[in-house]
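Everything on this sheet refers to the single structure shown next.
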Amino acid sequence: MNFRVVNILDIIEDSAGKPIEAGIEYAQKLIDSFSCLKNAEIEYFLHHNAIDFARKRQAITYFLLDNDRKVIAYFALTHKAVKIDGSHLSKTVCRGLDRHAEREPDDTGYNASAFLIAQFGKNGAYNGEITLSGNELMEQAVEALRNAQHLVGGGIVYLECEVEPHLIGFYTNDANRFREFGERDSKSEGILYKQFLRLF
């Protein structure tokens, strides 16, 4: 593997969780090198929220760095309560949900605490030698969540995306194996998000 995955907290804080000024400056330098013209939200989160969210433990950003410490890509992870409509899911997926979630009284849906892949994207300004596919980036995000699962349990991963056929195709392909379970209409943003889950 010609890259390494680095938790932003390992850059900006010491072992006691206190801020390191030099680390914050270095993290900001990494952030400033990131661009994503295809999706302004991915770029905005990293540039404006990643450090603050990490320090508050609201979401943790992970950088993929090459051997020259250039940012290839990043993803951000957190956990969140989610309601899952089980009426359109297969019996196999529902059996998996029964292990990790609580059924609602009407028996049509689930309440769960799930891992959320909050942000996910490659650096459009990266000019190094490493070619990283979206599937490979997803593998790294899922591997980080498997490590979290080993420590604290859990078994549901979910994410949201806008109604874009290429994004939906990517998340549901044979490598990534996410399954649609619902949608969320963001009134503040004026955007309809499709919701997808994957079980460990």
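Here, A, B, ... name the chains of the structure tokens in the order displayed, residue numbers run from 1 inside each chain, and ligands are numbered from 1 in the same displayed order.
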_So that I can see what lies close to region 164-172 of chain A, please list as a ChimeraX atom specification the residues with an atom at most 10 Å from it, counting only C-alpha atoms and leaving out residues fewer than 4 positions away in the same chain._
/A:134-135,138,159-160,176-180,193-198
Deliver the residues from the most recent selection as a file, using C-alpha atoms, as a compact mmCIF listing (two decimals), in the first residue's frame.
# COMPACT_ATOMS: atom_id res chain seq x y z
CA GLY A 134 -13.64 5.17 -5.44
CA ASN A 135 -14.06 1.51 -4.47
CA MET A 138 -14.62 3.01 0.30
CA LEU A 159 -24.78 7.12 4.13
CA GLU A 160 -26.82 9.62 2.20
CA ASN A 176 -19.67 -1.50 -2.08
CA ARG A 177 -23.00 -3.32 -1.59
CA PHE A 178 -25.08 -0.57 -0.03
CA ARG A 179 -28.86 -0.99 -0.19
CA GLU A 180 -31.39 1.84 -0.35
CA TYR A 193 -31.23 12.68 -0.13
CA LYS A 194 -31.43 8.94 -0.74
CA GLN A 195 -30.35 6.80 2.22
CA PHE A 196 -28.35 3.57 1.94
CA LEU A 197 -27.16 0.97 4.41
CA ARG A 198 -24.69 -1.87 4.58
*Non-local contacts of Ala118 (chain A) (12 Å; only C-alpha atoms; under 3 positions in same chain excluded) as a list in words*: Glu41, Ile42, Phe45, Leu46, Asn49, Ala50, Phe53, Gln58, Ala59, Ile60, Thr61, Tyr62, Tyr74, Phe75, Ala76, Leu77, Thr78, His79, Lys80, Ala114, Phe115, Gly121, Ala141, Val157, Tyr158, Leu159, Glu160, Cys161 and Gln195 of chain A
_Env of Gln140 (chain A): 9 Å cut, atoms = only C-alpha atoms, seq-sep filter 3 positions within chain, self excluded. Answer as a list in words._
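Everything that qualifies: Val5, Leu64, Phe75, Asn135, Glu136, Leu137, Glu143, Ala144 and Leu145 of chain A.
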Next, the residues of the selection above should be written as a PDB file, in the first residue's frame with N, CA, C and O atoms.
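Full text of result.pdb as output:
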ATOM      1  N   VAL A   5      -3.406   5.925   6.019  1.00  0.00           N
ATOM      2  CA  VAL A   5      -4.630   6.562   6.485  1.00  0.00           C
ATOM      3  C   VAL A   5      -4.335   7.190   7.842  1.00  0.00           C
ATOM      4  O   VAL A   5      -3.877   6.509   8.761  1.00  0.00           O
ATOM      5  N   LEU A  64      -6.069  10.271   3.473  1.00  0.00           N
ATOM      6  CA  LEU A  64      -5.229   9.299   2.794  1.00  0.00           C
ATOM      7  C   LEU A  64      -4.063  10.072   2.211  1.00  0.00           C
ATOM      8  O   LEU A  64      -4.250  10.951   1.354  1.00  0.00           O
ATOM      9  N   PHE A  75     -12.082  10.846   4.100  1.00  0.00           N
ATOM     10  CA  PHE A  75     -13.451  10.492   4.469  1.00  0.00           C
ATOM     11  C   PHE A  75     -13.656  10.928   5.912  1.00  0.00           C
ATOM     12  O   PHE A  75     -12.699  11.082   6.680  1.00  0.00           O
ATOM     13  N   ASN A 135     -13.870   2.759  -5.213  1.00  0.00           N
ATOM     14  CA  ASN A 135     -14.060   1.513  -4.468  1.00  0.00           C
ATOM     15  C   ASN A 135     -12.947   1.306  -3.445  1.00  0.00           C
ATOM     16  O   ASN A 135     -13.197   0.838  -2.324  1.00  0.00           O
ATOM     17  N   GLU A 136     -11.713   1.659  -3.809  1.00  0.00           N
ATOM     18  CA  GLU A 136     -10.596   1.510  -2.874  1.00  0.00           C
ATOM     19  C   GLU A 136     -10.717   2.487  -1.709  1.00  0.00           C
ATOM     20  O   GLU A 136     -10.385   2.149  -0.567  1.00  0.00           O
ATOM     21  N   LEU A 137     -11.197   3.685  -1.996  1.00  0.00           N
ATOM     22  CA  LEU A 137     -11.424   4.650  -0.916  1.00  0.00           C
ATOM     23  C   LEU A 137     -12.504   4.138   0.022  1.00  0.00           C
ATOM     24  O   LEU A 137     -12.381   4.231   1.251  1.00  0.00           O
ATOM     25  N   GLU A 143     -12.937  -0.259   6.438  1.00  0.00           N
ATOM     26  CA  GLU A 143     -11.936  -0.865   7.319  1.00  0.00           C
ATOM     27  C   GLU A 143     -11.812  -0.083   8.621  1.00  0.00           C
ATOM     28  O   GLU A 143     -11.709  -0.670   9.709  1.00  0.00           O
ATOM     29  N   ALA A 144     -11.851   1.241   8.542  1.00  0.00           N
ATOM     30  CA  ALA A 144     -11.814   2.056   9.757  1.00  0.00           C
ATOM     31  C   ALA A 144     -13.024   1.765  10.637  1.00  0.00           C
ATOM     32  O   ALA A 144     -12.922   1.688  11.873  1.00  0.00           O
ATOM     33  N   LEU A 145     -14.181   1.561  10.015  1.00  0.00           N
ATOM     34  CA  LEU A 145     -15.386   1.265  10.779  1.00  0.00           C
ATOM     35  C   LEU A 145     -15.344  -0.144  11.360  1.00  0.00           C
ATOM     36  O   LEU A 145     -15.881  -0.393  12.444  1.00  0.00           O
TER      37      LEU A 145
END
_Given only C-alpha atoms as the basis, pick out the residue of A:Ala27, A:Ile72, A:Ile130, A:Gly109 nearest to His88 (chain A)._
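That would be A:Gly109, the residue with the smallest distance to His88 (chain A).
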*asked:* Set the distance at 12 Å and use only C-alpha atoms: which residues neighbour Glu102 (chain A) once local chain neighbours fewer than 3 positions away are removed? I'd like the list as a PyMOL selection string.
replied: chain A and resi 81-86+94-99+105-114
